[in-house]
file final-v9.txt (compact mmCIF, C-alpha atoms)
# COMPACT_ATOMS: atom_id res chain seq x y z
CA MET A 1 0.00 0.00 0.00
CA LYS A 2 2.74 2.37 1.10
CA LYS A 3 4.88 1.37 -1.89
CA GLY A 4 1.98 2.22 -4.22
CA VAL A 5 1.49 5.62 -2.65
CA VAL A 6 5.19 6.43 -2.87
CA SER A 7 5.36 5.39 -6.54
CA LYS A 8 2.26 7.50 -7.25
CA ILE A 9 3.89 10.49 -5.54
CA ILE A 10 7.11 9.95 -7.51
CA HIS A 11 5.08 9.61 -10.71
CA TYR A 12 3.17 12.79 -9.85
CA PHE A 13 6.36 14.75 -9.27
CA CYS A 14 7.85 13.35 -12.49
CA VAL A 15 4.79 14.56 -14.42
CA VAL A 16 4.89 17.94 -12.69
CA GLU A 17 8.61 18.26 -13.37
CA THR A 18 8.21 17.23 -17.01
CA THR A 19 5.32 19.65 -17.44
CA PHE A 20 7.39 22.35 -15.77
CA LEU A 21 10.38 21.63 -18.00
CA ILE A 22 8.21 21.70 -21.14
CA SER A 23 6.53 24.90 -19.97
CA TYR A 24 9.91 26.36 -19.06
CA THR A 25 11.34 25.47 -22.50
CA ILE A 26 8.30 26.92 -24.28
CA MET A 27 8.38 30.03 -22.11
CA LYS A 28 12.11 30.41 -22.62
CA LYS A 29 11.67 30.18 -26.40
CA LEU A 30 8.73 32.56 -26.23
CA VAL A 31 10.67 35.07 -24.14
CA LEU A 32 13.71 34.78 -26.41
CA SER A 33 11.46 35.24 -29.47
CA VAL A 34 9.90 38.33 -27.92
CA ILE A 35 13.35 39.68 -27.07
CA ALA A 36 14.53 38.97 -30.64
CA VAL A 37 11.48 40.71 -32.14
CA LEU A 38 11.94 43.65 -29.80
CA ALA A 39 15.63 43.80 -30.67
CA ILE A 40 14.82 43.85 -34.40
CA ALA A 41 12.14 46.46 -33.85
CA PHE A 42 14.50 48.46 -31.68
CA SER A 43 17.33 48.30 -34.18
CA ALA A 44 14.95 49.23 -36.99
CA ASN A 45 13.87 52.27 -35.03
CA ALA A 46 17.41 53.07 -33.93
CA ALA A 47 18.36 53.18 -37.60
CA ASN A 48 16.05 56.17 -38.01
CA TYR A 49 18.10 58.12 -35.53
CA LYS A 50 21.57 56.99 -36.51
CA VAL A 51 23.22 57.93 -39.73
CA ASP A 52 24.96 55.44 -42.00
CA ASN A 53 28.49 56.75 -41.64
CA ASN A 54 29.86 54.54 -44.42
CA ALA A 55 27.32 55.93 -46.89
CA ILE A 56 28.18 59.49 -45.86
CA ASP A 57 31.92 58.73 -46.15
CA ASN A 58 31.34 57.41 -49.69
CA ILE A 59 29.45 60.55 -50.70
CA ILE A 60 32.23 62.75 -49.31
CA GLU A 61 34.98 60.69 -50.94
CA ASN A 62 33.26 60.71 -54.33
CA ALA A 63 32.58 64.45 -54.30
CA THR A 64 34.79 66.86 -56.22
CA GLU A 65 36.73 69.13 -53.90
CA VAL A 66 36.22 72.82 -54.55
CA VAL A 67 37.38 75.84 -52.58
CA VAL A 68 34.74 78.31 -51.51
CA LEU A 69 36.31 81.56 -50.35
CA ASP A 70 33.25 82.79 -48.54
CA VAL A 71 34.81 84.50 -45.57
CA ALA A 72 31.80 86.72 -44.99
CA ALA A 73 29.66 83.76 -43.98
CA PRO A 74 31.16 82.16 -40.91
CA ALA A 75 30.04 78.59 -40.54
CA ALA A 76 27.57 78.81 -37.72
CA ALA A 77 25.36 75.87 -36.93
CA ASN A 78 22.61 75.10 -39.41
CA LEU A 79 20.01 76.62 -37.20
CA PRO A 80 17.38 78.95 -38.61
CA ALA A 81 17.73 82.64 -37.84
CA PHE A 82 16.54 83.12 -34.31
CA GLU A 83 15.98 86.09 -32.12
CA GLN A 84 17.49 86.22 -28.68
CA LYS A 85 15.68 87.57 -25.69
CA ASP A 86 17.31 90.74 -24.37
CA VAL A 87 17.81 89.98 -20.68
CA ASN A 88 20.11 91.89 -18.39
CA ALA A 89 21.96 90.05 -15.59
CA THR A 90 21.88 93.08 -13.23
CA THR A 91 18.12 93.47 -13.59
CA ALA A 92 17.67 89.76 -12.91
CA LEU A 93 19.81 90.06 -9.80
CA ILE A 94 17.90 93.11 -8.48
CA LEU A 95 14.60 91.32 -9.06
CA ASN A 96 16.00 88.30 -7.29
CA ILE A 97 16.99 90.36 -4.24
CA PHE A 98 13.63 92.11 -3.85
CA LEU A 99 11.12 89.72 -5.39
CA GLY A 100 13.06 86.49 -5.63
CA TRP A 101 10.81 84.80 -3.06
CA CYS A 102 8.01 84.71 -5.63
CA GLY A 103 10.25 83.90 -8.61
CA VAL A 104 9.89 87.23 -10.42
CA HIS A 105 13.53 87.07 -11.56
CA ARG A 106 12.77 83.73 -13.20
CA HIS A 107 9.86 85.19 -15.16
CA TYR A 108 12.00 88.12 -16.20
CA MET A 109 14.58 85.72 -17.63
CA GLY A 110 11.85 83.55 -19.09
CA THR A 111 10.59 80.32 -17.61
CA ALA A 112 7.52 78.11 -17.27
CA PRO A 113 4.35 80.17 -16.64
CA TYR A 114 3.67 78.37 -13.34
CA MET A 115 7.11 79.06 -11.84
CA TRP A 116 5.86 81.88 -9.58
CA ALA A 117 3.43 79.41 -8.00
CA LEU A 118 6.19 76.88 -7.36
CA TYR A 119 8.30 79.51 -5.63
CA LEU A 120 5.37 80.89 -3.68
CA PHE A 121 3.97 77.57 -2.50
CA THR A 122 7.38 76.25 -1.44
CA GLY A 123 7.91 79.17 0.91
CA GLY A 124 9.93 81.28 -1.49
CA GLY A 125 11.61 78.42 -3.32
CA ILE A 126 11.74 75.73 -0.62
CA PHE A 127 11.93 78.26 2.21
CA GLY A 128 14.27 80.61 0.43
CA ILE A 129 17.06 78.17 -0.38
CA VAL A 130 16.38 77.98 -4.13
CA ASP A 131 15.91 81.74 -4.25
CA PHE A 132 19.23 82.17 -2.46
CA VAL A 133 21.12 79.75 -4.73
CA ASP A 134 19.67 81.65 -7.71
CA PHE A 135 21.10 84.79 -6.13
CA VAL A 136 24.56 83.22 -5.75
CA MET A 137 24.49 81.85 -9.31
CA LEU A 138 23.53 85.23 -10.72
CA ILE A 139 26.38 86.84 -8.76
CA ILE A 140 28.80 84.24 -10.17
CA ALA A 141 27.45 84.82 -13.69
CA MET A 142 27.85 88.58 -13.29
CA THR A 143 31.44 88.31 -12.11
CA ASP A 144 32.07 86.02 -15.06
CA GLY A 145 31.13 88.39 -17.86
CA GLY A 146 27.39 88.62 -17.24
CA ASN A 147 26.56 85.60 -19.36
CA ILE A 148 23.24 84.29 -18.04
CA SER A 149 22.16 82.68 -21.30
CA LYS A 150 21.82 79.28 -19.65
CA TYR A 151 19.19 80.70 -17.28
CA ILE A 152 17.16 82.38 -20.02
CA ASN A 153 13.96 80.51 -20.90
CA ASN A 154 15.01 77.87 -18.43
CA ARG A 155 11.94 75.88 -17.38
CA LYS A 156 13.59 73.90 -14.59
CA PHE A 157 12.68 74.70 -10.99
CA PHE A 158 16.38 74.51 -10.15
CA MET A 159 17.63 76.70 -12.96
CA TRP A 160 21.25 75.96 -12.09
CA ALA A 161 20.89 72.18 -11.95
CA MET B 1 20.37 86.29 7.32
CA LYS B 2 23.21 84.90 9.41
CA ASN B 3 22.41 81.41 8.16
CA LYS B 4 22.43 82.66 4.59
CA LEU B 5 25.85 84.21 5.08
CA LEU B 6 27.16 80.95 6.46
CA LEU B 7 25.81 79.17 3.41
CA ILE B 8 27.72 81.35 0.93
CA PRO B 9 31.13 79.63 1.20
CA LEU B 10 29.44 76.24 1.20
CA LEU B 11 27.41 77.03 -1.92
CA LEU B 12 30.43 78.49 -3.68
CA LEU B 13 32.32 75.33 -2.87
CA VAL B 14 29.51 73.19 -4.29
CA ALA B 15 29.07 75.41 -7.33
CA ALA B 16 32.78 75.56 -8.17
CA PRO B 17 32.89 72.30 -10.16
CA LEU B 18 29.97 73.51 -12.29
CA TYR B 19 32.14 76.36 -13.46
CA ALA B 20 35.35 74.37 -13.62
CA GLN B 21 35.35 74.17 -17.42
CA ARG B 22 36.03 77.79 -18.11
CA LYS B 23 37.91 77.19 -21.33
CA VAL B 24 37.51 74.56 -24.01
CA SER B 25 39.36 74.37 -27.30
CA ALA B 26 38.93 71.95 -30.18
CA ASP B 27 39.92 71.40 -33.77
CA VAL B 28 36.92 71.28 -36.08
CA GLU B 29 36.75 69.98 -39.62
CA VAL B 30 33.57 70.76 -41.56
CA LYS B 31 33.00 68.98 -44.87
CA THR B 32 30.06 70.17 -46.96
CA VAL B 33 28.79 68.32 -50.02
CA ILE B 34 26.31 70.05 -52.33
CA ASP B 35 25.58 68.95 -55.88
CA GLY B 36 28.53 66.53 -55.77
CA LYS B 37 30.95 69.29 -54.82
CA LEU B 38 32.91 69.14 -51.58
CA ASN B 39 34.04 72.13 -49.57
CA THR B 40 36.26 71.63 -46.55
CA VAL B 41 36.68 74.15 -43.76
CA THR B 42 39.09 73.60 -40.89
CA LYS B 43 39.22 75.73 -37.81
CA SER B 44 40.20 75.69 -34.17
CA VAL B 45 37.64 77.01 -31.73
CA TYR B 46 38.43 78.56 -28.37
CA CYS B 47 35.38 78.84 -26.11
CA THR B 48 35.24 80.66 -22.82
CA ASN B 49 32.29 80.25 -20.48
CA ASN B 50 31.52 83.98 -20.57
CA GLY B 51 30.15 83.33 -24.08
CA ARG B 52 33.22 84.51 -26.00
CA LEU B 53 34.14 82.34 -28.94
CA VAL B 54 37.28 82.67 -31.04
CA ALA B 55 37.30 80.62 -34.23
CA LYS B 56 40.66 80.49 -35.95
CA PHE B 57 40.13 79.31 -39.52
CA SER B 58 43.03 77.73 -41.35
CA LYS B 59 41.28 76.47 -44.48
CA PRO B 60 40.25 77.73 -47.03
CA LEU B 61 41.69 81.03 -45.78
CA PRO B 62 43.43 82.05 -42.58
CA TYR B 63 41.02 84.26 -40.68
CA TYR B 64 39.52 84.74 -37.26
CA VAL B 65 35.92 85.07 -36.16
CA VAL B 66 35.37 86.48 -32.69
CA SER B 67 31.78 86.37 -31.46
CA ASN B 68 29.80 86.53 -28.26
CA SER B 69 26.44 85.28 -27.03
CA LYS B 70 24.70 88.51 -28.08
CA GLY B 71 25.52 87.92 -31.74
CA GLU B 72 28.27 90.52 -32.02
CA MET B 73 30.69 89.16 -34.58
CA ASN B 74 34.05 90.40 -35.84
CA LEU B 75 35.72 88.70 -38.76
CA TYR B 76 39.41 89.42 -39.14
CA ARG B 77 41.73 88.56 -42.01
CA PRO B 78 45.33 88.68 -40.75
CA ASP B 79 46.77 88.53 -44.27
CA THR B 80 45.13 91.81 -45.28
CA ASN B 81 44.63 93.22 -41.77
CA GLU B 82 40.93 93.79 -42.52
CA VAL B 83 37.99 93.44 -40.20
CA LEU B 84 34.28 92.99 -40.81
CA SER B 85 31.88 93.65 -37.93
CA ASP B 86 28.24 92.69 -37.77
CA VAL B 87 25.53 91.96 -35.24
CA ASP B 88 22.99 89.25 -35.89
CA PRO B 89 21.50 86.54 -33.66
CA SER B 90 22.65 83.92 -36.16
CA PHE B 91 26.26 84.92 -35.40
CA SER B 92 25.76 84.27 -31.68
CA SER B 93 28.36 82.02 -30.11
CA ASN B 94 25.40 80.07 -28.72
CA THR B 95 24.84 78.59 -32.19
CA GLU B 96 28.19 76.82 -31.92
CA LEU B 97 27.49 73.30 -30.77
CA ILE B 98 30.60 73.04 -28.61
CA MET B 99 29.45 76.16 -26.72
CA LEU B 100 26.08 74.54 -26.00
CA PHE B 101 27.71 71.42 -24.63
CA MET B 102 30.22 73.45 -22.66
CA SER B 103 27.44 75.37 -20.91
CA GLY B 104 25.48 72.19 -20.24
CA ARG B 105 22.52 73.13 -22.42
CA ILE B 106 22.30 69.61 -23.79
CA ASP B 107 18.62 69.04 -23.17
CA ASP B 108 17.31 71.62 -25.65
CA LEU B 109 20.43 72.31 -27.76
CA GLY B 110 19.90 76.00 -27.07
CA LEU B 111 16.44 76.12 -28.66
CA THR B 112 14.68 77.67 -25.66
CA SER B 113 17.10 80.59 -25.67
CA PHE B 114 15.79 81.31 -29.18
CA GLY B 115 12.19 81.45 -28.03
CA TYR B 116 11.26 77.81 -28.56
CA LYS B 117 8.91 76.18 -26.08
CA ALA B 118 9.44 72.61 -25.03
CA GLY B 119 6.52 70.25 -25.60
CA SER B 120 5.84 67.01 -23.85
CA ALA B 121 8.43 64.27 -23.83
CA THR B 122 7.51 60.77 -24.93
CA ARG B 123 9.36 57.51 -24.54
CA GLU B 124 9.46 55.18 -27.51
CA ASP B 125 11.57 52.06 -28.06
CA GLY B 126 14.18 53.09 -25.54
CA PHE B 127 14.47 56.62 -26.90
CA VAL B 128 13.07 59.80 -25.42
CA LYS B 129 11.56 62.23 -27.92
CA LYS B 130 10.92 65.85 -27.17
CA THR B 131 9.28 68.39 -29.45
CA PHE B 132 9.99 72.11 -29.51
CA LYS B 133 7.75 74.71 -31.07
CA SER B 134 8.35 78.36 -31.72
CA PRO B 135 5.62 80.98 -31.25
CA ASP B 136 6.82 82.30 -34.60
CA THR B 137 5.03 80.09 -37.14
CA THR B 138 7.66 80.78 -39.80
CA LYS B 139 10.18 78.85 -37.75
CA PRO B 140 10.33 75.08 -38.04
CA ASP B 141 9.20 72.59 -35.44
CA VAL B 142 12.07 70.68 -33.90
CA GLU B 143 12.12 67.17 -32.52
CA ILE B 144 15.09 65.97 -30.48
CA VAL B 145 15.65 62.29 -29.77
CA TYR B 146 17.74 61.31 -26.76
CA GLU B 147 19.55 58.10 -25.94
CA ASN B 148 21.02 57.76 -22.45
CA TYR B 149 20.06 61.39 -21.80
CA LEU B 150 22.15 62.61 -24.73
CA PRO B 151 20.70 64.07 -27.93
CA ILE B 152 21.47 61.79 -30.85
CA TYR B 153 19.04 63.06 -33.47
CA CYS B 154 17.41 66.36 -34.27
CA GLU B 155 14.74 66.91 -36.91
CA TYR B 156 13.54 70.24 -38.34
CA THR B 157 10.10 70.20 -39.93
CA ALA B 158 8.33 73.08 -41.65
CA GLN B 159 4.83 74.05 -40.59
CA ASP B 160 3.44 72.34 -43.72
CA GLY B 161 5.03 69.07 -42.60
CA ARG B 162 7.92 69.26 -45.07
CA MET B 163 11.20 67.86 -43.74
CA LEU B 164 13.83 70.59 -43.72
CA SER B 165 16.85 68.99 -42.14
CA LYS B 166 18.15 66.25 -39.91
CA LYS B 167 21.05 66.36 -37.52
CA TYR B 168 22.79 63.26 -36.20
CA LEU B 169 25.09 63.52 -33.18
CA SER B 170 27.31 60.54 -32.47
CA ASP B 171 30.58 59.27 -31.00
CA TYR B 172 30.16 61.02 -27.67
CA LYS B 173 33.32 61.40 -25.63
CA THR B 174 33.74 62.69 -22.08
CA TYR B 175 36.43 65.15 -21.06
CA GLY B 176 36.17 65.41 -17.30
CA ARG B 177 32.71 66.88 -16.71
CA PHE B 178 32.43 67.98 -20.31
CA ILE B 179 30.87 65.74 -22.95
CA LEU B 180 30.89 66.33 -26.69
CA PRO B 181 29.83 64.39 -29.79
CA GLN B 182 32.90 63.86 -31.97
CA ARG B 183 30.85 63.60 -35.13
CA VAL B 184 27.84 65.64 -36.23
CA THR B 185 26.12 65.05 -39.55
CA ASP B 186 23.58 67.50 -40.94
CA ILE B 187 21.42 66.62 -43.92
CA THR B 188 19.46 69.55 -45.30
CA TYR B 189 16.78 68.94 -47.90
CA GLY B 190 16.65 71.48 -50.70
CA VAL B 191 13.52 72.42 -52.58
CA LYS B 192 15.04 73.21 -55.97
CA ARG B 193 18.47 71.67 -55.50
CA ASP B 194 20.05 68.51 -54.18
CA SER B 195 20.24 67.89 -50.47
CA SER B 196 23.35 69.10 -48.74
CA ILE B 197 25.39 67.06 -46.33
CA VAL B 198 27.52 68.70 -43.69
CA ARG B 199 29.82 66.53 -41.61
CA THR B 200 31.55 68.10 -38.63
CA ILE B 201 34.34 66.28 -36.85
CA TYR B 202 35.62 67.52 -33.49
CA SER B 203 39.10 66.47 -32.43
CA ASN B 204 41.97 67.48 -30.17
CA VAL B 205 39.50 68.69 -27.52
CA LYS B 206 41.28 70.34 -24.60
CA VAL B 207 39.66 71.49 -21.39
CA ASP B 208 41.00 74.27 -19.18
CA VAL B 209 44.28 74.71 -21.00
CA ASP B 210 46.03 78.00 -21.55
CA ASP B 211 46.31 79.19 -25.11
CA PRO B 212 46.85 82.77 -26.29
CA ASN B 213 44.03 82.32 -28.83
CA PHE B 214 41.45 82.42 -26.02
CA ASP B 215 42.33 86.08 -25.54
CA PHE B 216 42.81 86.91 -29.20
CA GLN B 217 42.18 90.58 -29.89
CA ILE B 218 41.70 92.11 -33.33
CA PRO B 219 44.44 94.71 -33.90
CA ALA B 220 43.26 98.24 -33.33
CA ASN B 221 44.73 99.33 -36.66
CA ALA B 222 42.70 96.79 -38.70
CA LYS B 223 40.98 98.35 -41.73
CA PRO B 224 37.28 97.83 -42.50
CA MET B 225 36.82 95.00 -44.97
CA LYS B 226 35.56 95.86 -48.45
CA LEU B 227 32.92 93.27 -49.24
CA ASP B 228 32.88 94.01 -52.98
CA ALA B 229 36.56 93.05 -53.27
CA PRO B 230 37.00 89.44 -54.37
CA ALA B 231 38.75 87.25 -51.83
CA GLN B 232 42.31 86.37 -52.79

call {"tool": "encode", "arguments": {"input": "final-v9.txt", "output": "structure tokens"}}
result
Amino acid sequence: MKKGVVSKIIHYFCVVETTFLISYTIMKKLVLSVIAVLAIAFSANAANYKVDNNAIDNIIENATEVVVLDVAAPAAANLPAFEQKDVNATTALILNIFLGWCGVHRHYMGTAPYMWALYLFTGGGIFGIVDFVDFVMLIIAMTDGGNISKYINNRKFFMWA
Amino acid sequence: MKNKLLLIPLLLLVAAPLYAQRKVSADVEVKTVIDGKLNTVTKSVYCTNNGRLVAKFSKPLPYYVVSNSKGEMNLYRPDTNEVLSDVDPSFSSNTELIMLFMSGRIDDLGLTSFGYKAGSATREDGFVKKTFKSPDTTKPDVEIVYENYLPIYCEYTAQDGRMLSKKYLSDYKTYGRFILPQRVTDITYGVKRDSSIVRTIYSNVKVDVDDPNFDFQIPANAKPMKLDAPAQ
């Protein structure tokens, strides 16, 4: 009786193990297939964002070299003609000193429209700390030629981060 | 107030590394192919974090371009001792890619400083895409694709949906806290002419080194350049 029960248990575990192994193998293949498909899809999409350097090299090598003496057109980046916002570092600093707690200096330099609320509801930029770091950063920028371009139209709460 | 004063040295200490890269220089080779014709320009750029950019061209002609972030540009030809001065936003040193990376404006490639507004970011197939729109409808929409937080692709599309140009940034290399793509490829689609391909290779990048070119000054006795005179 006992021997029969034991053999049944062993048989049961063998079946379970076999089923598990089959399931595991199928799952493994399935997972690997999914990974392969995703990899193909990923590489296909990645190709849209990565240039074929060999093709570009061939085009450059096969082109006829000419000399263009166009000194009046310095090679700037191929960006369209943009207009820059006229923002003064001193004005930004003065606004920071007097109205920095509500982020007025940030709006003067250009930022997200809700920035004043973030400053106001965090007690003047997390109880004045952000406001104060802005102050220090503006001082540093002023002593360094007054270049605050990185803070202009900066939408981050921590404009210096 | 006392607490704030105590914080000053601490904050300056923390902020110091952010401003550590005060000077960056690099050799730049720009190859442009239009209609099967290749034009090569080589220059060395000297960027200072106050926005001053000195570009020393060696090919096709030896000349200097000194510009700042406000778009004030002076072009100087040492062989003729002539200078050409102009002010235009397109001459701003901020349009120089190395300047953008030097100042850490990687996330928008300087677009927001030109009035562009960032749209929502989406994640797709491991890439993050971000769109930028200008309030000025004559300016193209821009989409930047990031991989590992670095821009790898930039697409300019006209308001009518026409593709204007694509920019590929690759072969990123780190120099201390400063990171720069070594290779940038621009493909601009022409309406009446063939597309143009511009390949820019950055090499010999040096951070915080002393070089007299950083402080290059145009001689005071330089004559105004005559634009109608053909270049020699």

call {"tool": "interface_residues", "arguments": {"input": "final-v9.txt", "of": "chain B", "to": "chain A", "cutoff": "6 Å", "atoms": "only C-alpha atoms", "output": "mmCIF file with C-alpha atoms, in the coordinates of the input"}}
result
data_model
loop_
_atom_site.group_PDB
_atom_site.id
_atom_site.type_symbol
_atom_site.label_atom_id
_atom_site.label_comp_id
_atom_site.auth_asym_id
_atom_site.auth_seq_id
_atom_site.Cartn_x
_atom_site.Cartn_y
_atom_site.Cartn_z
ATOM 1 C CA GLY B 36 28.530 66.530 -55.770
ATOM 2 C CA LYS B 37 30.950 69.290 -54.820
ATOM 3 C CA LEU B 38 32.910 69.140 -51.580
ATOM 4 C CA ASN B 39 34.040 72.130 -49.570
ATOM 5 C CA ASN B 50 31.520 83.980 -20.570
ATOM 6 C CA PRO B 89 21.500 86.540 -33.660
ATOM 7 C CA SER B 90 22.650 83.920 -36.160
ATOM 8 C CA THR B 95 24.840 78.590 -32.190
ATOM 9 C CA GLU B 96 28.190 76.820 -31.920
ATOM 10 C CA THR B 112 14.680 77.670 -25.660
ATOM 11 C CA SER B 113 17.100 80.590 -25.670
ATOM 12 C CA PHE B 114 15.790 81.310 -29.180
ATOM 13 C CA ASP B 125 11.570 52.060 -28.060
ATOM 14 C CA TYR B 153 19.040 63.060 -33.470
#

call {"tool": "closest_residue", "arguments": {"input": "final-v9.txt", "among": "B:Met163, B:Val65, B:Val205, B:Val198", "to": "Pro181 in chain B", "atoms": "all atoms listed in the file"}}
result
B:Val205

call {"tool": "closest_residue", "arguments": {"input": "final-v9.txt", "among": "A:Ile139, A:Phe158, A:Val130, A:Trp116", "to": "Cys102 in chain A", "atoms": "only C-alpha atoms"}}
result
A:Trp116

call {"tool": "residues_around", "arguments": {"input": "final-v9.txt", "residues": "Tyr149 in chain B", "least_positions_apart": "3", "cutoff": "10 Å", "atoms": "only C-alpha atoms", "output": "PyMOL selection string"}}
result
chain B and resi 106-107+127-128+145-146+152

call {"tool": "residues_around", "arguments": {"input": "final-v9.txt", "residues": "Cys47 in chain B", "least_positions_apart": "2", "cutoff": "10 Å", "atoms": "only C-alpha atoms", "output": "ChimeraX atom specification"}}
result
/B:21-26,44-45,49-55,67-68,93,96,98-99,102,207,213-214

call {"tool": "atom_distance", "arguments": {"input": "final-v9.txt", "atom1": "CA of Phe127 in chain A", "atom2": "CA of Trp101 in chain A"}}
result
8.5 Å

call {"tool": "atom_distance", "arguments": {"input": "final-v9.txt", "atom1": "CA of Thr122 in chain B", "atom2": "CA of Ile144 in chain B"}}
result
10.7 Å

call {"tool": "atom_distance", "arguments": {"input": "final-v9.txt", "atom1": "CA of Thr157 in chain B", "atom2": "CA of Arg105 in chain B"}}
result
21.7 Å

call {"tool": "closest_residue", "arguments": {"input": "final-v9.txt", "among": "B:Lys206, B:Arg123, B:Arg199, B:Lys223", "to": "Leu180 in chain B", "atoms": "all atoms listed in the file"}}
result
B:Lys206

call {"tool": "closest_residue", "arguments": {"input": "final-v9.txt", "among": "B:Glu29, B:Glu143, B:Glu82, B:Glu124", "to": "Pro219 in chain B", "atoms": "only C-alpha atoms"}}
result
B:Glu82

call {"tool": "closest_residue", "arguments": {"input": "final-v9.txt", "among": "B:Ile179, B:Val41, B:Leu109, B:Val66", "to": "Phe91 in chain B", "atoms": "only C-alpha atoms"}}
result
B:Val66

call {"tool": "axis_aligned_box", "arguments": {"input": "final-v9.txt", "around": "range 52-65 of chain A", "padding_each_side": "6 Å", "output": "AutoDock Vina command-line options"}}
result
--center_x 30.8 --center_y 61.8 --center_z -48.9 --size_x 23.8 --size_y 26.6 --size_z 26.6
